[in-house]
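For reference, the structure is listed below as structure tokens.
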Amino acid sequence: MARDTTDQTPLSSVSELAAYMAEGPRPKEKFKIGTEHEKFVFFTKDNGPVPYFGDASISALLKGMQARLGWEPIMDGANIIGLGEQSGMGAISIEPGGQFELSGAPVATLHETATEAAEHMALVKEIAEPMGIGFLGIGGSPKWTLAETPVMPKSRYGIMTRYMPKVGSKGLDMMYRTCTIQVNLDFSSEEDMAAKMRVSMKLQSIATALFASSPFTEGKTNGQLSWRGDIWRDTDNQRSGILPFVFNSDFGYADYAKWALDVPMYFVVRDGKYHDCTHITFRQFMDGALKGTLSDWAPTMGDWTNHLSTLFPDVRLKRFLEMRGADGGPLENISALPAFWVGLLYDDTALADAAELTKDWSFEDVVAMRDAVPSKGFDATICGASVLDIAKEAVAISRRGLKARSRLNAQSEDESIFLAPLDDVLSSGKTLAQQMLAQYEGEWNRSVEPVFEAYRY
């Protein structure tokens with residue numbers, strides 16, 4: 001998220017919380033695709049981490065991008081922490097360890113997604129290269145310890161850093177040492193939201209396998225194909241993972257709001273200052289828990305939207321759905337991830353086929369698959385079928401959905417062209433992480449240093 005909102009609309013009842021999400025639906029013909037992607041920032045001379053301050057730094061990158069794009073700087077105190085497009089449609093932000101993120105504008109086609117990603121990378125490289133800075137497209141930091149990883153001066157991250165070790169063993173790794181590709185997608189009604197969320201929650205681990213690219217930590221193999229996926233198994237399970245109520249046939253906005261109400265908060269923002277609220281839930285906040293602590297203690301719609309942004313289920317509901325299961329990866333994966341989900345969810349026949357594919361999967365089945373995929377990848381199973389076979393079928397359904405959308409580029413190619421990276425891993429049966437491990441054992445001579453060049457944008 002690029003910036004925390006300050007909507008001062010007062011909240012007077014719990015029913016308003018679900019009503020906020022109920023304002024999300026849009027007509028199918030107006031569905032958009034919003035792609036987010038993160039990358040690690042490193043010095044090319046020694047593959048070392050890039051600090052926030054200095055002439056060659058994260059802040060210098062942001063200032064250079066601001067000068068070129070003319071976007072509005074997003075400040076945290078005196079520090080620039082991001083950029084927002086004037087229209088509010090796109091943003092650049094930094095993750096806790098300096099990971100550089102583009103939150104893309106909502107666009108109509110995957111062709112636009114691919115163009116946006118390529119133009120962003122071309123511009124950021126143009127600004128970074130004179131500083132001796134490069135960008136790495138994989139899912140986990142391959143070399144630096146937590147102590148070596150820079151810390152960004154962003155207030156919400158300070159609160160999270162203090163809180164994470166209290167609620168899981170891997171939260172700091174998630175914050176500082178992982179990268180992801182995500183896509184935000186629309187729904188047309190509460191029923192459509194529920195159908196899409198149910199299917200995508202079940203299939204999120206399939207995306208984890210398809211995009212697994214984090215087999216290294218601190219200069220050696222870590223025993224995982226998606227270390228990032230494994231990290232999410234013990235980050236903060238009150239706000240993360242698979243949500244059982246999504247599997248209910250009557251799931252709706254109110255169920256998600258009810259769950260979110262009882263998840264501990266991170267903060268409230270008052271007059272630009274972040275106040276640590278990790279000791280209370282949003283329900284307690286609504287009941288007046290901050291009365292006497294803050295003069296402006298009453299909850300607002302801005303507090304609710306900020307709280308929703310601090311929840312981390314595998315599929316997150318706001319006024320749209322966020323697909324959160326994939327590792328970061330090369331440039332072509334930035335289009336492949338949204339292609340996979342758009343094909344499955346934006347065509348009615350494909351969505352029905354995906355629902356049929358997963359109809360017999362119980363909550364327990366999906367959790368077991370989620371537990372197994374980070375280490376086993378395509379060799380994991382669910383209900384007697386291998387993840388590899390399920391992934392092949394899911395990609396086939398996605399391809400049919402993309403072809404049915406028939407959104408063509410200037411060469412009369414439909415959006416299914418963006419599934420090519422997934423076709424490659426499925427035909428070989430080897431995840432990107434397994435290909436990296438083969439390189440590590442072979443021509444890399446058991447060193448992770450070559451990964452910075454091989455998977456550099």
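Every chain in the structure tokens has a letter given in the order shown (A, B, ...), and although residue numbers restart at 1 in each chain, ligands are simply numbered from 1 in the order shown.
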
Report task. Find the residues near A:Val451: any atom within 12 Å, counting only C-alpha atoms, skip ones fewer than 6 places away on the same chain, and give them as a ChimeraX atom specification. Result -> /A:40,42,44,47,135-143,213-217,219-220,329-330,433,435-440,443-445,457

Compile the contact shell of A:Lys166 as a short mmCIF file (atom, residue, chain, number, x, y, z; two decimals) with N, CA and C atoms, in the first residue's frame: residues with an atom at most 12 Å away, counting only C-alpha atoms, same-chain residues fewer than 3 positions apart removed.
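File written: result08.cif
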data_model
loop_
_atom_site.label_atom_id
_atom_site.label_comp_id
_atom_site.auth_asym_id
_atom_site.auth_seq_id
_atom_site.Cartn_x
_atom_site.Cartn_y
_atom_site.Cartn_z
N ILE A 159 6.08 0.04 13.84
CA ILE A 159 5.09 -0.63 14.69
C ILE A 159 5.05 -2.12 14.38
N MET A 160 5.04 -2.47 13.09
CA MET A 160 5.00 -3.88 12.70
C MET A 160 6.25 -4.62 13.16
N THR A 161 7.42 -3.97 13.07
CA THR A 161 8.67 -4.62 13.45
C THR A 161 8.69 -4.97 14.93
N ARG A 162 8.15 -4.11 15.74
CA ARG A 162 8.08 -4.40 17.18
C ARG A 162 7.06 -5.49 17.49
N TYR A 163 5.99 -5.54 16.70
CA TYR A 163 4.88 -6.45 16.98
C TYR A 163 5.09 -7.86 16.44
N SER A 169 7.08 -16.54 14.26
CA SER A 169 8.54 -16.64 14.22
C SER A 169 9.15 -16.06 12.96
N LYS A 170 8.33 -15.75 11.95
CA LYS A 170 8.89 -15.39 10.64
C LYS A 170 8.40 -14.06 10.08
N GLY A 171 7.75 -13.27 10.92
CA GLY A 171 7.19 -12.01 10.45
C GLY A 171 8.23 -11.03 9.95
N LEU A 172 9.38 -10.97 10.61
CA LEU A 172 10.42 -10.04 10.17
C LEU A 172 11.02 -10.48 8.84
N ASP A 234 3.95 -19.00 9.31
CA ASP A 234 4.10 -18.59 10.71
C ASP A 234 4.55 -17.13 10.79
N THR A 235 3.72 -16.26 10.25
CA THR A 235 3.99 -14.83 10.31
C THR A 235 3.09 -14.18 11.36
N ASP A 236 1.81 -14.26 11.19
CA ASP A 236 0.83 -13.77 12.17
C ASP A 236 -0.48 -14.44 11.78
N ASN A 237 -0.70 -15.62 12.30
CA ASN A 237 -1.80 -16.44 11.80
C ASN A 237 -3.17 -15.93 12.18
N GLN A 238 -3.24 -14.93 13.06
CA GLN A 238 -4.54 -14.30 13.33
C GLN A 238 -5.03 -13.51 12.12
N THR A 278 -1.57 -2.06 18.65
CA THR A 278 -1.48 -3.52 18.56
C THR A 278 -2.09 -4.22 19.77
N HIS A 279 -2.43 -3.47 20.78
CA HIS A 279 -3.01 -4.06 22.01
C HIS A 279 -4.52 -4.19 21.94
#

Selected residue, from A:Leu317, A:Leu146, A:Val246, A:Ala454, that lies nearest to A:Gly134 when counting only C-alpha atoms: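 Looking at the shortest contact to A:Gly134, the residue is A:Ala454.
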
Separating atom CA of A:Gly252 from atom CA of A:Arg370, to the nearest tenth of an Å, is a gap of 23.4 Å

Nearest to A:Ala147, restricted to only C-alpha atoms and choosing among A:Glu322, A:Asp46, A:Asp314, A:Glu218, comes out as A:Glu218

| From the list A:Phe247, A:Asp76, A:Cys383, A:Gly223, which residue is nearest A:Ala195 when using only C-alpha atoms? |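 Answer, going by the shortest atom-to-atom distance: A:Phe247.
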
For A:Asp192, the closest of A:Asp255, A:Asp347, A:Glu415, A:Asp262 counting only C-alpha atoms is A:Asp347

Strand (DSSP E) per DSSP on the backbone: members of stretch 326-456 of chain A, as a list of chain:residue names
A:Ala326, A:Asp327, A:Thr381, A:Ile382, A:Ala385, A:Ser386

Env of A:Asp250: 12 Å cut, atoms = only C-alpha atoms, seq-sep filter 6 positions within chain, self excluded. Answer as a list in words. Glu190, Glu191, Asp192, Met193, Ala194, Ala195, Arg198 and Tyr256 of chain A

With C-alpha atoms retained, write the just-selected residues as a PDB file, in the first residue's frame.
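See again_2.pdb below for the written result:
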ATOM      1  CA  GLU A 190     -21.471 -10.018  -3.490  1.00  0.00           C
ATOM      2  CA  GLU A 191     -22.226 -13.404  -5.027  1.00  0.00           C
ATOM      3  CA  ASP A 192     -19.521 -12.900  -7.651  1.00  0.00           C
ATOM      4  CA  MET A 193     -17.060 -11.817  -4.955  1.00  0.00           C
ATOM      5  CA  ALA A 194     -17.773 -14.939  -2.924  1.00  0.00           C
ATOM      6  CA  ALA A 195     -17.385 -17.270  -5.913  1.00  0.00           C
ATOM      7  CA  ARG A 198     -13.604 -19.213  -2.794  1.00  0.00           C
ATOM      8  CA  TYR A 256     -15.149 -10.871   6.315  1.00  0.00           C
TER       9      TYR A 256
END

Counting only C-alpha atoms, closest pick from A:Ala368, A:Ala380, A:Met201, A:Ala298 relative to A:Trp341 is A:Met201

Pick out the residues sitting within 10 Å of A:Tyr274, and hand them over as a compact mmCIF listing (two decimals) with C-alpha atoms, in the first residue's frame; count only C-alpha atoms, and ignore anything fewer than 6 positions along from it in its own chain.
# COMPACT_ATOMS: atom_id res chain seq x y z
CA ASP A 76 6.49 10.16 6.40
CA LYS A 154 8.32 4.35 7.59
CA SER A 155 6.21 4.68 10.75
CA ARG A 156 3.86 1.77 10.18
CA GLY A 158 8.31 0.45 12.97
CA ILE A 159 5.09 -0.63 14.69
CA TYR A 266 -1.53 -2.04 14.00
CA PHE A 267 -2.11 1.70 14.29
CA VAL A 268 -4.30 4.74 13.91

Item to complete: For A:Lys392, list every protein, DNA or RNA residue within 12 Å, evaluated using only C-alpha atoms, and leave out those in the same chain fewer than 5 positions away; present the list as a list in words.
Response: Ile206, Ala207, Ala209, Leu210, Phe340, Leu357, Phe378, Ala385, Ser386, Val387, Ile397, Ser398, Arg399, Leu419, Leu422, Asp423, Asp424, Val425, Leu426, Ser427, Ser428 and Gly429 of chain A

Kindly save the residues from that selection, with C-alpha atoms included, as a CSV table (one decimal), in the first residue's frame.
chain,number,residue,atom,x,y,z
A,206,ILE,CA,-1.1,-23.5,-7.0
A,207,ALA,CA,0.1,-20.0,-7.8
A,209,ALA,CA,4.1,-23.5,-6.8
A,210,LEU,CA,3.9,-22.0,-10.3
A,340,PHE,CA,-3.3,-16.7,-14.6
A,357,LEU,CA,-12.0,-28.4,-10.4
A,378,PHE,CA,4.6,-29.5,-7.9
A,385,ALA,CA,-3.9,-35.4,-7.3
A,386,SER,CA,-0.5,-33.8,-7.7
A,387,VAL,CA,-0.1,-30.1,-7.7
A,397,ILE,CA,-8.8,-23.2,-17.8
A,398,SER,CA,-7.1,-19.8,-17.5
A,399,ARG,CA,-6.0,-20.0,-21.2
A,419,LEU,CA,0.9,-17.6,-19.9
A,422,LEU,CA,3.9,-21.0,-16.9
A,423,ASP,CA,3.9,-23.3,-19.9
A,424,ASP,CA,7.6,-23.5,-19.6
A,425,VAL,CA,7.7,-24.6,-16.0
A,426,LEU,CA,4.8,-27.0,-16.5
A,427,SER,CA,6.4,-28.6,-19.5
A,428,SER,CA,9.6,-29.2,-17.6
A,429,GLY,CA,7.9,-30.1,-14.4

Best match for closeness to A:Ala18 among A:Leu261, A:Glu72, A:Glu112, A:Lys32, counting only C-alpha atoms: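 That would be A:Leu261, the residue with the smallest distance to A:Ala18.
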
Q) Mind pulling up the distance from atom CA of A:Ser335 to atom CA of A:Thr113? A)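 So the answer is 6.4 Å.
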
Item to check | Straight-line distance linking atom CA of A:Ile242 with atom CA of A:Leu311, stated in Å to one decimal | outcome: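 Result for atom CA of A:Ile242 versus atom CA of A:Leu311: 12.0 Å, one decimal.
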